[in-house]
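Visitor: Attaching a single structure in structure tokens format; questions to follow.
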Amino acid sequence: MQQTQSPPSKRNHSPSLLLQCSELVLSWLTPQELATISLTCSTLHTISKSITLRRASDASRAFESHPIPFHNSVDEHPYAYFIYTPSQIPSSSSQFLGRQSWGSSSSAHKSNSVAGLGVQTLRFVDESGECAYGCECEACGEEGVGGDGCPCFGGFNDVVAECGPSCACGLDCGNRLTQRGIEVKLTILRDGRKGWSLYADQFIPKGRFVCEYAGELLTTKEARLRQQIYDELASGGHFSPALLVVREHLPSRKACLRYNIDATRVGNVSRFINHSCDGGNLSTALVRSSGALLPRLCFFASKDIKEDEELTFSYGEIRERSKGLQCFCGSSCCLGILPSEQT
């Protein structure tokens with residue numbers, strides 16, 4: 001008698017489906033949670049290990065042009081955990097970023113992009129709600145068509161001006177150099193004294209844009225409250241905050257606007273750039289897109305940077321705290337204490 005083969009049971013696919021679902025769920029866990037659940041069974045241990053390896057292979061979660069890997073030969077920490085944002089975001093938006101998928105083999109994690117929450121949404125508008133500023137150039141140039149320059153070029157008070165979201169030009173416009181993300185190859189290395197440090201993974205010529213300082217934009221009140229918490233945590237010696245105070249001088253030069261950018265919990269790889277008392281190899285510039293209310297703090301190579309060279313800049317000259325954090329920059333002019341001021 002001829003036997004007919006029954007159709008495959010859907011149950012045959014359940015283990016594979018279960019593994020895929022487990023990986024998607026586990027990619028949302030913190031390192032501590034991931035370590036705990038990996039102890040429950042061998043399958044989850046294997047999935048957790050794969051997620052850890054993928055996290056260590058790219059700090060940027062594929063949001064940038066090149067992977068930015070972690071390398072650690074000092075201790076058992078394979079990576080630093082934080083929520084990634086390519087640009088700065090208001091603190092009111094960061095409350096929705098309690099978690100972020102990281103380490104899944106699926107490309108679906110890119111849907112977690114926080115770029116839509118960026119400060120480009122904070123811009124000057126007219127009475128109809130449309131952006132009040134922007135050029136109509138199809139191809140921006142300093143000379144422009146017929147000798148008329150693009151109105152977005154220029155800037156004032158040491159603030160670099162770029163084309164913005166309402167300009168007619170595209171992202172490949174030459175006046176959007178800092179808006180295409182990190183295009184140089186970087187890597188993050190663990191140092192026994194400094195902790196995580198950002199290094200060049202290629203030659204970077206002088207003047208090249210490297211990255212912006214991305215994080216949460218805080219009010220001064222929020223910044224002071226967080227700094228109090230960070231000071232208590234840092235006193236134990238195992239916590240490194242990344243709260244930066246930036247000041248933009250007004251045209252009168254008698255007053256300035258203050259910006260507080262906190263990359264401690266939400267930020268990009270610029271949070272790993274260490275201080276150097278000799279000024280380092282990076283310079284900073286405020287860059288404002290046309291129509292944007294707030295500028296962005298961007299890093300440029302202040303000199304030719306060799307491959308495998310650490311990226312550093314000066315945190316400032318003020319040292320108001322007598323018990324400040326110790327500096328390990330190693331420069332010949334090292335003052336021994338990191339710059340600090342009363343937030």
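Residues are named by chain letter and number: chains run A, B, ... in the order of the structure tokens, numbers start at 1 in each chain, and ligands are numbered from 1 in the order shown.
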Excluding same-chain residues fewer than 6 positions from range 260-267 of chain A, what lies within 10 Å of it counting only C-alpha atoms, as a PyMOL selection string?
Guide: chain A and resi 60+81-91+94+97-98+212-224+226-227+230+239-247+296-297+343
Visitor: Among range 185-291 of chain A, which ones does DSSP place in helix (DSSP H, G or I), written as number ranges by chain?
Guide: A: 220-234, 269-272
Visitor: Those residues with N, CA and C atoms, as a PDB file, in the first residue's frame please?
Guide:
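Once everything was written out, this is again_7.pdb:
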ATOM      1  N   THR A 220      19.705  74.290  32.637  1.00  0.00           N
ATOM      2  CA  THR A 220      20.730  74.484  33.666  1.00  0.00           C
ATOM      3  C   THR A 220      20.312  73.834  34.984  1.00  0.00           C
ATOM      4  N   LYS A 221      19.031  73.889  35.299  1.00  0.00           N
ATOM      5  CA  LYS A 221      18.535  73.253  36.523  1.00  0.00           C
ATOM      6  C   LYS A 221      18.734  71.744  36.457  1.00  0.00           C
ATOM      7  N   GLU A 222      18.382  71.145  35.313  1.00  0.00           N
ATOM      8  CA  GLU A 222      18.573  69.701  35.144  1.00  0.00           C
ATOM      9  C   GLU A 222      20.050  69.333  35.230  1.00  0.00           C
ATOM     10  N   ALA A 223      20.896  70.157  34.610  1.00  0.00           N
ATOM     11  CA  ALA A 223      22.333  69.868  34.610  1.00  0.00           C
ATOM     12  C   ALA A 223      22.896  69.896  36.029  1.00  0.00           C
ATOM     13  N   ARG A 224      22.476  70.849  36.837  1.00  0.00           N
ATOM     14  CA  ARG A 224      22.982  70.955  38.203  1.00  0.00           C
ATOM     15  C   ARG A 224      22.527  69.781  39.060  1.00  0.00           C
ATOM     16  N   LEU A 225      21.286  69.355  38.872  1.00  0.00           N
ATOM     17  CA  LEU A 225      20.782  68.213  39.624  1.00  0.00           C
ATOM     18  C   LEU A 225      21.536  66.938  39.242  1.00  0.00           C
ATOM     19  N   ARG A 226      21.766  66.753  37.956  1.00  0.00           N
ATOM     20  CA  ARG A 226      22.483  65.560  37.514  1.00  0.00           C
ATOM     21  C   ARG A 226      23.938  65.597  37.974  1.00  0.00           C
ATOM     22  N   GLN A 227      24.551  66.771  37.947  1.00  0.00           N
ATOM     23  CA  GLN A 227      25.950  66.863  38.355  1.00  0.00           C
ATOM     24  C   GLN A 227      26.122  66.475  39.816  1.00  0.00           C
ATOM     25  N   GLN A 228      25.150  66.821  40.652  1.00  0.00           N
ATOM     26  CA  GLN A 228      25.207  66.425  42.054  1.00  0.00           C
ATOM     27  C   GLN A 228      25.192  64.904  42.184  1.00  0.00           C
ATOM     28  N   ILE A 229      24.342  64.260  41.386  1.00  0.00           N
ATOM     29  CA  ILE A 229      24.268  62.797  41.409  1.00  0.00           C
ATOM     30  C   ILE A 229      25.568  62.200  40.881  1.00  0.00           C
ATOM     31  N   TYR A 230      26.079  62.763  39.787  1.00  0.00           N
ATOM     32  CA  TYR A 230      27.308  62.241  39.180  1.00  0.00           C
ATOM     33  C   TYR A 230      28.507  62.396  40.113  1.00  0.00           C
ATOM     34  N   ASP A 231      28.556  63.503  40.856  1.00  0.00           N
ATOM     35  CA  ASP A 231      29.673  63.718  41.788  1.00  0.00           C
ATOM     36  C   ASP A 231      29.687  62.641  42.872  1.00  0.00           C
ATOM     37  N   GLU A 232      28.514  62.278  43.348  1.00  0.00           N
ATOM     38  CA  GLU A 232      28.431  61.241  44.374  1.00  0.00           C
ATOM     39  C   GLU A 232      28.863  59.888  43.804  1.00  0.00           C
ATOM     40  N   LEU A 233      28.420  59.597  42.586  1.00  0.00           N
ATOM     41  CA  LEU A 233      28.785  58.326  41.967  1.00  0.00           C
ATOM     42  C   LEU A 233      30.272  58.275  41.631  1.00  0.00           C
ATOM     43  N   ALA A 234      30.818  59.411  41.171  1.00  0.00           N
ATOM     44  CA  ALA A 234      32.233  59.456  40.774  1.00  0.00           C
ATOM     45  C   ALA A 234      33.171  59.361  41.971  1.00  0.00           C
ATOM     46  N   VAL A 269      29.809  58.090  20.223  1.00  0.00           N
ATOM     47  CA  VAL A 269      31.164  57.695  20.648  1.00  0.00           C
ATOM     48  C   VAL A 269      32.023  58.874  21.100  1.00  0.00           C
ATOM     49  N   SER A 270      31.555  60.097  20.896  1.00  0.00           N
ATOM     50  CA  SER A 270      32.329  61.243  21.385  1.00  0.00           C
ATOM     51  C   SER A 270      32.430  61.231  22.908  1.00  0.00           C
ATOM     52  N   ARG A 271      31.564  60.484  23.575  1.00  0.00           N
ATOM     53  CA  ARG A 271      31.602  60.378  25.035  1.00  0.00           C
ATOM     54  C   ARG A 271      32.886  59.708  25.515  1.00  0.00           C
ATOM     55  N   PHE A 272      33.618  59.061  24.595  1.00  0.00           N
ATOM     56  CA  PHE A 272      34.857  58.377  24.961  1.00  0.00           C
ATOM     57  C   PHE A 272      36.106  59.218  24.675  1.00  0.00           C
TER      58      PHE A 272
END
Visitor: From the list A:Lys185, A:Lys49, A:Arg54, A:Arg319, which residue is nearest Ile204 in chain A when using only C-alpha atoms?
Guide: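 Among A:Lys185, A:Lys49, A:Arg54, A:Arg319, it is A:Lys185 that comes nearest to Ile204 in chain A.
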Visitor: As a compact mmCIF listing (two decimals) with N, CA, C and O atoms, in the first residue's frame, please: the residues near Ala35 in chain A (cut-off 12 Å, only C-alpha atoms, same-chain neighbours under 3 positions excluded).
Guide:
# COMPACT_ATOMS: atom_id res chain seq x y z
N LEU A 26 16.17 39.49 23.91
CA LEU A 26 17.40 39.66 24.69
C LEU A 26 18.22 40.86 24.25
O LEU A 26 19.00 41.42 25.04
N SER A 27 18.08 41.29 22.99
CA SER A 27 18.85 42.44 22.51
C SER A 27 18.44 43.75 23.18
O SER A 27 19.13 44.75 23.07
N LEU A 29 18.01 43.93 26.49
CA LEU A 29 18.41 43.85 27.89
C LEU A 29 19.71 44.60 28.17
O LEU A 29 20.55 44.76 27.29
N THR A 30 19.86 45.02 29.41
CA THR A 30 21.12 45.63 29.85
C THR A 30 22.16 44.52 30.03
O THR A 30 21.81 43.33 30.09
N PRO A 31 23.44 44.86 30.15
CA PRO A 31 24.46 43.82 30.37
C PRO A 31 24.20 42.96 31.61
O PRO A 31 24.41 41.75 31.59
N GLN A 32 23.72 43.58 32.70
CA GLN A 32 23.45 42.85 33.92
C GLN A 32 22.30 41.87 33.71
O GLN A 32 22.36 40.70 34.15
N SER A 38 21.51 34.56 30.96
CA SER A 38 22.39 33.59 30.29
C SER A 38 22.68 32.39 31.19
O SER A 38 23.14 31.35 30.71
N LEU A 39 22.41 32.53 32.49
CA LEU A 39 22.66 31.45 33.44
C LEU A 39 21.51 30.46 33.52
O LEU A 39 21.64 29.41 34.16
N THR A 40 20.40 30.77 32.87
CA THR A 40 19.21 29.93 33.02
C THR A 40 19.26 28.65 32.20
O THR A 40 18.76 27.62 32.62
N CYS A 41 19.87 28.71 30.99
CA CYS A 41 19.99 27.49 30.17
C CYS A 41 21.07 27.70 29.12
O CYS A 41 21.48 28.84 28.85
N LEU A 44 20.04 30.01 25.97
CA LEU A 44 20.06 31.45 26.23
C LEU A 44 21.48 31.93 26.50
O LEU A 44 21.81 33.08 26.21
N HIS A 45 22.33 31.06 27.03
CA HIS A 45 23.73 31.42 27.22
C HIS A 45 24.41 31.66 25.87
O HIS A 45 25.17 32.63 25.70
N THR A 46 24.12 30.80 24.90
CA THR A 46 24.69 30.95 23.57
C THR A 46 24.20 32.22 22.89
O THR A 46 24.98 32.95 22.28
N ILE A 47 22.89 32.48 23.01
CA ILE A 47 22.32 33.70 22.41
C ILE A 47 22.92 34.95 23.06
O ILE A 47 23.29 35.91 22.39
N SER A 48 23.04 34.93 24.38
CA SER A 48 23.60 36.08 25.11
C SER A 48 25.04 36.34 24.69
O SER A 48 25.45 37.49 24.54
N LYS A 49 25.80 35.27 24.51
CA LYS A 49 27.20 35.43 24.10
C LYS A 49 27.29 36.04 22.70
O LYS A 49 28.14 36.92 22.45
N ILE A 51 25.06 38.03 21.29
CA ILE A 51 24.66 39.44 21.40
C ILE A 51 25.81 40.27 21.95
O ILE A 51 26.09 41.38 21.48
N THR A 52 26.51 39.74 22.94
CA THR A 52 27.65 40.45 23.53
C THR A 52 28.74 40.69 22.48
O THR A 52 29.31 41.79 22.40
N HIS A 77 35.35 43.59 30.84
CA HIS A 77 34.23 44.34 30.26
C HIS A 77 34.38 44.39 28.72
O HIS A 77 35.28 45.06 28.21
Visitor: Between CA of Ser42 in chain A and CA of Ser22 in chain A, measure the distance and give it in Å to one decimal.
Guide: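 That distance, rounded to one decimal, is 12.9 Å.
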Visitor: Could you give me, as a compact mmCIF listing (two decimals) with N, CA, C and O atoms, in the first residue's frame, the residues within 12 Å of Gln20 in chain A, counting only C-alpha atoms and dropping anything in the same chain fewer than 2 positions from it?
Guide:
# COMPACT_ATOMS: atom_id res chain seq x y z
N HIS A 13 9.04 23.94 13.07
CA HIS A 13 9.67 25.25 12.90
C HIS A 13 9.71 26.04 14.20
O HIS A 13 10.29 27.09 14.27
N SER A 14 9.06 25.53 15.22
CA SER A 14 8.95 26.30 16.46
C SER A 14 10.29 26.55 17.15
O SER A 14 10.49 27.65 17.68
N PRO A 15 11.23 25.58 17.17
CA PRO A 15 12.51 25.89 17.83
C PRO A 15 13.24 27.05 17.18
O PRO A 15 13.77 27.92 17.87
N SER A 16 13.26 27.07 15.84
CA SER A 16 13.93 28.16 15.14
C SER A 16 13.25 29.49 15.41
O SER A 16 13.91 30.51 15.63
N LEU A 17 11.93 29.48 15.38
CA LEU A 17 11.18 30.69 15.65
C LEU A 17 11.41 31.16 17.07
O LEU A 17 11.54 32.36 17.35
N LEU A 18 11.49 30.21 18.00
CA LEU A 18 11.73 30.55 19.40
C LEU A 18 13.09 31.20 19.58
O LEU A 18 13.24 32.17 20.33
N SER A 22 13.73 34.91 20.89
CA SER A 22 14.58 35.09 22.09
C SER A 22 15.67 36.10 21.83
O SER A 22 15.97 36.95 22.68
N GLU A 23 16.27 36.04 20.65
CA GLU A 23 17.35 36.97 20.32
C GLU A 23 16.84 38.40 20.25
O GLU A 23 17.47 39.33 20.75
N LEU A 24 15.65 38.58 19.65
CA LEU A 24 15.08 39.92 19.55
C LEU A 24 14.77 40.49 20.93
O LEU A 24 14.99 41.68 21.19
N VAL A 25 14.26 39.64 21.82
CA VAL A 25 13.94 40.10 23.17
C VAL A 25 15.21 40.41 23.97
O VAL A 25 15.33 41.45 24.62
N LEU A 26 16.17 39.49 23.91
CA LEU A 26 17.40 39.66 24.69
C LEU A 26 18.22 40.86 24.25
O LEU A 26 19.00 41.42 25.04
N SER A 27 18.08 41.29 22.99
CA SER A 27 18.85 42.44 22.51
C SER A 27 18.44 43.75 23.18
O SER A 27 19.13 44.75 23.07
N THR A 43 20.97 27.32 25.89
CA THR A 43 20.52 28.02 24.67
C THR A 43 20.58 29.53 24.85
O THR A 43 21.12 30.25 24.01
N LEU A 44 20.04 30.01 25.97
CA LEU A 44 20.06 31.45 26.23
C LEU A 44 21.48 31.93 26.50
O LEU A 44 21.81 33.08 26.21
N ILE A 47 22.89 32.48 23.01
CA ILE A 47 22.32 33.70 22.41
C ILE A 47 22.92 34.95 23.06
O ILE A 47 23.29 35.91 22.39
N SER A 104 21.20 42.43 18.10
CA SER A 104 20.44 41.44 17.36
C SER A 104 21.05 41.24 15.98
O SER A 104 21.59 42.18 15.38
N SER A 105 20.98 40.02 15.45
CA SER A 105 21.50 39.76 14.11
C SER A 105 20.59 40.33 13.05
O SER A 105 20.97 40.46 11.89
N SER A 106 19.36 40.69 13.43
CA SER A 106 18.41 41.28 12.49
C SER A 106 18.73 42.75 12.30
O SER A 106 19.21 43.44 13.19
Visitor: Find the distance between CA of Cys277 in chain A and CA of Asp158 in chain A and write it in Å to one decimal.
Guide: 22.8 Å
Visitor: Taking only C-alpha atoms into account, name the residue in A:Pro67, A:Leu335, A:His238, A:Arg55 that is nearest to Gln100 in chain A.
Guide: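 So, comparing all the options, the nearest one is A:Arg55.
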Visitor: Determine which residues of range 282-335 of chain A receive a DSSP assignment of strand (DSSP E), computed from the backbone, and state them as a list in words.
Guide: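 Answer for range 282-335 of chain A, restricted to strand (DSSP E): Leu282, Ser283, Thr284, Ala285, Leu286, Val287, Arg288, Ser289, Arg296, Leu297, Cys298, Phe299, Phe300, Ala301, Thr312 and Phe313 of chain A.
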